[in-house]
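What follows is final.tsv (TSV, C-alpha atoms and all ligand atoms).
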chain	number	residue	atom	x	y	z
A	74	MET	CA	88.33	251.51	149.84
A	75	LYS	CA	91.47	253.68	149.91
A	76	MET	CA	92.91	256.28	147.57
A	77	ILE	CA	96.64	255.79	147.03
A	78	THR	CA	98.34	258.93	145.79
A	79	ALA	CA	101.83	257.96	144.66
A	80	ILE	CA	104.35	260.55	143.48
A	81	ILE	CA	106.95	258.60	141.53
A	82	ASN	CA	110.35	259.72	140.36
A	83	LYS	CA	110.38	259.94	136.56
A	84	THR	CA	113.21	257.37	136.39
A	85	ASP	CA	110.84	254.68	137.62
A	86	ALA	CA	107.37	255.83	136.55
A	87	GLY	CA	107.21	253.72	133.38
A	88	THR	CA	108.24	250.51	135.12
A	89	VAL	CA	105.88	251.09	138.06
A	90	CYS	CA	102.95	251.71	135.68
A	91	ASP	CA	103.73	248.55	133.68
A	92	VAL	CA	103.90	246.42	136.83
A	93	LEU	CA	100.68	247.85	138.28
A	94	THR	CA	98.83	247.23	135.03
A	95	LYS	CA	100.15	243.64	134.81
A	96	ASN	CA	98.89	243.04	138.34
A	97	GLY	CA	95.41	244.35	137.55
A	98	PHE	CA	95.54	247.69	139.36
A	99	ALA	CA	93.59	250.64	137.96
A	100	TYR	CA	95.14	254.08	138.18
A	101	THR	CA	95.10	257.53	136.68
A	102	LYS	CA	98.50	258.88	135.68
A	103	ILE	CA	99.13	262.60	135.97
A	104	GLY	CA	102.27	264.45	134.88
A	105	SER	CA	103.38	266.52	137.89
A	106	THR	CA	106.19	268.76	139.02
A	107	GLY	CA	107.98	268.75	142.38
A	108	GLY	CA	107.73	272.09	144.15
A	109	PHE	CA	111.32	272.05	145.40
A	110	LEU	CA	113.41	270.80	142.47
A	111	ARG	CA	110.82	271.92	139.89
A	112	SER	CA	111.54	268.77	137.91
A	113	GLY	CA	109.01	266.39	136.47
A	114	ASN	CA	107.60	263.43	138.34
A	115	THR	CA	104.51	261.28	137.88
A	116	THR	CA	101.52	261.18	140.20
A	117	LEU	CA	99.32	258.07	140.23
A	118	LEU	CA	95.80	258.14	141.67
A	119	MET	CA	94.73	254.62	142.59
A	120	GLY	CA	91.34	253.76	144.01
A	121	THR	CA	92.19	250.47	145.74
A	122	GLU	CA	90.27	247.92	147.82
A	123	ASP	CA	91.48	247.81	151.43
A	124	ASP	CA	92.84	244.27	151.14
A	125	GLN	CA	94.91	245.18	148.06
A	126	VAL	CA	96.64	248.28	149.43
A	127	GLU	CA	99.68	246.40	150.76
A	128	GLN	CA	100.17	244.57	147.45
A	129	ALA	CA	100.04	247.88	145.57
A	130	LEU	CA	102.50	249.53	147.98
A	131	ASN	CA	104.88	246.56	147.75
A	132	LEU	CA	104.89	246.77	143.94
A	133	ILE	CA	105.53	250.52	144.04
A	134	ARG	CA	108.24	250.09	146.67
A	135	ARG	CA	109.99	247.28	144.81
A	136	HIS	CA	110.18	249.26	141.58
A	137	SER	CA	110.80	252.81	142.78
A	138	GLU	CA	112.74	252.75	146.05
A	139	LYS	CA	115.62	255.24	146.31
A	140	ARG	CA	118.92	253.54	145.54
A	141	THR	CA	122.48	254.52	144.73
A	142	ILE	CA	123.97	253.54	141.40
A	143	GLU	CA	127.49	254.07	140.10
A	144	MET	CA	127.51	256.33	137.03
A	145	PRO	CA	130.59	256.57	134.80
A	146	VAL	CA	132.20	260.00	134.76
A	147	PRO	CA	132.72	261.30	131.20
A	148	LEU	CA	136.42	261.81	130.51
A	149	MET	CA	138.13	263.92	127.87
A	150	GLN	CA	140.42	261.81	125.71
A	151	GLU	CA	143.64	263.53	124.66
A	152	SER	CA	144.59	261.04	121.99
A	153	TYR	CA	143.17	257.82	120.63
A	154	MET	CA	146.29	255.99	121.87
A	155	THR	CA	145.63	256.98	125.50
A	156	PRO	CA	143.70	254.41	127.49
A	157	ILE	CA	140.58	255.81	129.13
A	158	TYR	CA	139.91	254.84	132.72
A	159	THR	CA	136.33	255.69	133.51
A	160	PRO	CA	135.85	256.30	137.22
A	161	THR	CA	132.32	256.18	138.58
A	162	THR	CA	130.50	258.43	140.97
A	163	PRO	CA	127.56	257.40	143.18
A	164	VAL	CA	124.22	258.92	142.12
A	165	VAL	CA	120.92	258.56	143.98
A	166	VAL	CA	118.03	257.63	141.66
A	167	GLY	CA	114.39	256.74	142.10
A	168	GLY	CA	112.16	257.34	145.08
A	169	ALA	CA	108.43	257.65	145.67
A	170	VAL	CA	106.24	259.51	148.15
A	171	VAL	CA	102.97	257.73	148.84
A	172	PHE	CA	99.84	258.86	150.68
A	173	VAL	CA	97.01	256.46	151.57
A	174	SER	CA	93.66	258.12	152.33
A	175	PRO	CA	90.22	256.71	153.14
A	176	VAL	CA	87.58	256.93	150.39
A	177	GLU	CA	84.10	257.71	151.68
A	178	ARG	CA	82.31	256.90	148.47
A	179	CYS	CA	83.14	255.88	144.91
A	180	GLU	CA	80.63	255.93	142.06
A	181	LYS	CA	81.11	255.32	138.36
A	182	MET	CA	78.47	257.15	136.30
B	201	LIG	P1	111.30	263.58	148.33
B	201	LIG	O1	110.98	263.95	149.75
B	201	LIG	O2	111.50	262.12	148.03
B	201	LIG	O3	110.07	264.11	147.44
B	201	LIG	C1	109.96	263.79	146.07
B	201	LIG	C2	108.77	264.52	145.47
B	201	LIG	O4	107.57	264.06	146.12
B	201	LIG	C3	108.77	266.03	145.71
B	201	LIG	O5	109.52	266.69	144.71
B	201	LIG	C4	107.28	266.38	145.62
B	201	LIG	O6	106.86	266.41	144.27
B	201	LIG	C5	106.64	265.16	146.27
B	201	LIG	N1	106.40	265.36	147.70
B	201	LIG	C6	107.25	265.10	148.72
B	201	LIG	N2	106.68	265.37	149.91
B	201	LIG	C7	105.44	265.81	149.64
B	201	LIG	C8	104.35	266.23	150.44
B	201	LIG	N3	104.40	266.29	151.80
B	201	LIG	N4	103.19	266.61	149.83
B	201	LIG	C9	103.09	266.57	148.47
B	201	LIG	N5	104.09	266.17	147.65
B	201	LIG	C10	105.24	265.79	148.22
B	201	LIG	P2	110.33	268.01	145.09
B	201	LIG	O7	109.43	268.95	145.82
B	201	LIG	O8	110.93	268.52	143.83
B	201	LIG	O9	111.45	267.53	146.10
B	201	LIG	C11	112.53	266.73	145.67
B	201	LIG	C12	113.44	266.36	146.84
B	201	LIG	O10	114.05	267.55	147.35
B	201	LIG	C13	112.69	265.73	148.02
B	201	LIG	O11	112.59	264.36	147.81
B	201	LIG	C14	113.57	266.10	149.18
B	201	LIG	O12	114.66	265.21	149.28
B	201	LIG	C15	114.13	267.45	148.77
B	201	LIG	N6	113.36	268.56	149.35
B	201	LIG	C16	112.07	268.89	149.13
B	201	LIG	N7	111.71	270.00	149.79
B	201	LIG	C17	112.80	270.41	150.46
B	201	LIG	C18	113.09	271.51	151.32
B	201	LIG	N8	112.15	272.41	151.65
B	201	LIG	N9	114.35	271.61	151.83
B	201	LIG	C19	115.31	270.72	151.53
B	201	LIG	N10	115.11	269.66	150.71
B	201	LIG	C20	113.87	269.49	150.18

Rewrite the structure from the file as structure tokens, please.
Ligand code: 2BA
Amino acid sequence: MKMITAIINKTDAGTVCDVLTKNGFAYTKIGSTGGFLRSGNTTLLMGTEDDQVEQALNLIRRHSEKRTIEMPVPLMQESYMTPIYTPTTPVVVGGAVVFVSPVERCEKM
């Protein structure tokens, strides 16, 4: 058995949790805070059978990988007759940091 500790960006945490649940994975969800940015993220503790670790990591990867999206830049409108051209700027969203550790023993009491 392995313990997967997955620190998920808050943008993706909800989706990742939904997908893990749908695929039958058990996890404990903890609200956490990154030490550098001091912003919220979500930490998942997942006790996982060895042969299911790759499936779990693939699901997490697919739904939380860092990617760049184009966000519209808010523009001030001078008059209602003036057309607004909304340029976009690239913003990096998502991302997860995952640790996989061996579990010596697991008991449910
Ligand atoms: P990431 O490296 O993708 O890390 C995202 C979050 O994952 C971190 O949030 C932290 O909560 C967790 N994390 C990352 N590495 C870890 C580790 N070795 N052990 C335990 N938890 C870990 P933040 O600490 O708020 O960092 C956010 C982002 O800021 C990082 O993204 C990285 O791109 C950058 N960063 C972090 N520390 C930095 C530093 N000392 N100098 C420059 N940039 C830093």

Worksheet, complete the sentence: Of A:Met144, A:Met76, A:Pro175, A:Thr94, the one sitting nearest Pro163 of chain A when using all atoms listed in the file is A:Met144

Please extract the residues at most 6 Å from ligand LIG 201 (chain B), counting only C-alpha atoms and all ligand atoms, and provide them as a PDB file with C-alpha atoms, in the frame of the given file, using the chain letters and residue numbers of this document.
ATOM      1  CA  ILE A  80     104.350 260.550 143.480  1.00  0.00           C
ATOM      2  CA  THR A 106     106.190 268.760 139.020  1.00  0.00           C
ATOM      3  CA  GLY A 107     107.980 268.750 142.380  1.00  0.00           C
ATOM      4  CA  GLY A 108     107.730 272.090 144.150  1.00  0.00           C
ATOM      5  CA  PHE A 109     111.320 272.050 145.400  1.00  0.00           C
ATOM      6  CA  LEU A 110     113.410 270.800 142.470  1.00  0.00           C
ATOM      7  CA  ARG A 111     110.820 271.920 139.890  1.00  0.00           C
ATOM      8  CA  SER A 112     111.540 268.770 137.910  1.00  0.00           C
ATOM      9  CA  GLY A 168     112.160 257.340 145.080  1.00  0.00           C
ATOM     10  CA  ALA A 169     108.430 257.650 145.670  1.00  0.00           C
ATOM     11  CA  VAL A 170     106.240 259.510 148.150  1.00  0.00           C
TER      12      VAL A 170
END

Fill in: Interatomic distance (Å, one decimal) between atom CA of Ile133 of chain A and atom CA of Arg178 of chain A
24.5 Å

Discussion item. List as a VMD selection string the protein and nucleic acid residues near Val146 of chain A, meaning an atom at most 8 Å away when all atoms listed in the file are counted, but skip any in the same chain fewer than 5 places from it.
Written reply: chain A and resid 159 to 162

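The shortest atom-to-atom distance to Thr101 of chain A, with only C-alpha atoms taken into account, belongs to A:Leu118 out of A:Leu132, A:Asp85, A:Gly113, A:Leu118.
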
Item to complete: Go through A:Asn82, A:Thr141, A:Asn96, A:Asn131 and flag the residue nearest Thr116 of chain A, using all atoms listed in the file for the distances.
Response: A:Asn82

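Across A:Thr78, A:Val164, A:Ala129, A:Gly120, the tightest approach to Lys95 of chain A is made by A:Ala129 when counting only C-alpha atoms.
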
Worksheet item: How many Å separate atom CA of Cys90 of chain A from atom CA of Lys181 of chain A?
Response: 22.3 Å

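The spacing separating atom CA of Thr88 of chain A from atom CA of His136 of chain A amounts to 6.9 Å.
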
Item to complete: Name all residues at most 8 Å from Phe98 of chain A (count only C-alpha atoms; drop same-chain ones fewer than 5 positions away) and give them as a PyMOL selection string.
Response: chain A and resi 93+119+121+129

Item to complete: Measuring atom to atom with all atoms listed in the file, identify which of A:Cys179, A:Val89, A:Val173, A:Ile103 is nearest to Glu127 of chain A.
Response: A:Val173

Can you fill out segment 89-103 of chain A with N, CA, C and O atoms and hand it back as an mmCIF file, in the coordinates of the input?
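The new file result_18.cif reads:
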data_model
loop_
_atom_site.group_PDB
_atom_site.id
_atom_site.type_symbol
_atom_site.label_atom_id
_atom_site.label_comp_id
_atom_site.auth_asym_id
_atom_site.auth_seq_id
_atom_site.Cartn_x
_atom_site.Cartn_y
_atom_site.Cartn_z
ATOM 1 N N VAL A 89 106.929 251.249 137.032
ATOM 2 C CA VAL A 89 105.880 251.090 138.060
ATOM 3 C C VAL A 89 104.520 250.950 137.379
ATOM 4 O O VAL A 89 103.720 250.077 137.741
ATOM 5 N N CYS A 90 104.241 251.781 136.381
ATOM 6 C CA CYS A 90 102.950 251.710 135.680
ATOM 7 C C CYS A 90 102.773 250.345 135.018
ATOM 8 O O CYS A 90 101.705 249.731 135.116
ATOM 9 N N ASP A 91 103.819 249.859 134.345
ATOM 10 C CA ASP A 91 103.730 248.550 133.680
ATOM 11 C C ASP A 91 103.385 247.455 134.688
ATOM 12 O O ASP A 91 102.525 246.609 134.454
ATOM 13 N N VAL A 92 104.080 247.476 135.826
ATOM 14 C CA VAL A 92 103.900 246.420 136.830
ATOM 15 C C VAL A 92 102.504 246.498 137.450
ATOM 16 O O VAL A 92 101.852 245.473 137.667
ATOM 17 N N LEU A 93 102.033 247.716 137.712
ATOM 18 C CA LEU A 93 100.680 247.850 138.280
ATOM 19 C C LEU A 93 99.631 247.348 137.312
ATOM 20 O O LEU A 93 98.700 246.645 137.699
ATOM 21 N N THR A 94 99.802 247.685 136.034
ATOM 22 C CA THR A 94 98.830 247.230 135.030
ATOM 23 C C THR A 94 98.840 245.697 134.941
ATOM 24 O O THR A 94 97.786 245.061 134.925
ATOM 25 N N LYS A 95 100.048 245.111 134.910
ATOM 26 C CA LYS A 95 100.150 243.640 134.810
ATOM 27 C C LYS A 95 99.480 242.960 135.987
ATOM 28 O O LYS A 95 99.001 241.843 135.879
ATOM 29 N N ASN A 96 99.478 243.634 137.143
ATOM 30 C CA ASN A 96 98.890 243.040 138.340
ATOM 31 C C ASN A 96 97.429 243.459 138.543
ATOM 32 O O ASN A 96 96.859 243.237 139.607
ATOM 33 N N GLY A 97 96.850 244.084 137.524
ATOM 34 C CA GLY A 97 95.410 244.350 137.550
ATOM 35 C C GLY A 97 94.984 245.587 138.317
ATOM 36 O O GLY A 97 93.798 245.733 138.612
ATOM 37 N N PHE A 98 95.921 246.479 138.640
ATOM 38 C CA PHE A 98 95.540 247.690 139.360
ATOM 39 C C PHE A 98 95.108 248.784 138.383
ATOM 40 O O PHE A 98 95.737 248.967 137.335
ATOM 41 N N ALA A 99 94.039 249.501 138.753
ATOM 42 C CA ALA A 99 93.590 250.640 137.960
ATOM 43 C C ALA A 99 94.203 251.903 138.553
ATOM 44 O O ALA A 99 94.358 252.010 139.777
ATOM 45 N N TYR A 100 94.564 252.820 137.689
ATOM 46 C CA TYR A 100 95.140 254.080 138.180
ATOM 47 C C TYR A 100 94.954 255.161 137.138
ATOM 48 O O TYR A 100 94.724 254.888 135.952
ATOM 49 N N THR A 101 95.059 256.394 137.593
ATOM 50 C CA THR A 101 95.100 257.530 136.680
ATOM 51 C C THR A 101 96.478 258.168 136.819
ATOM 52 O O THR A 101 96.938 258.429 137.935
ATOM 53 N N LYS A 102 97.110 258.377 135.690
ATOM 54 C CA LYS A 102 98.500 258.880 135.680
ATOM 55 C C LYS A 102 98.470 260.367 135.343
ATOM 56 O O LYS A 102 97.875 260.771 134.335
ATOM 57 N N ILE A 103 99.110 261.153 136.183
ATOM 58 C CA ILE A 103 99.130 262.600 135.970
ATOM 59 C C ILE A 103 100.593 263.064 135.924
ATOM 60 O O ILE A 103 101.382 262.710 136.814
#
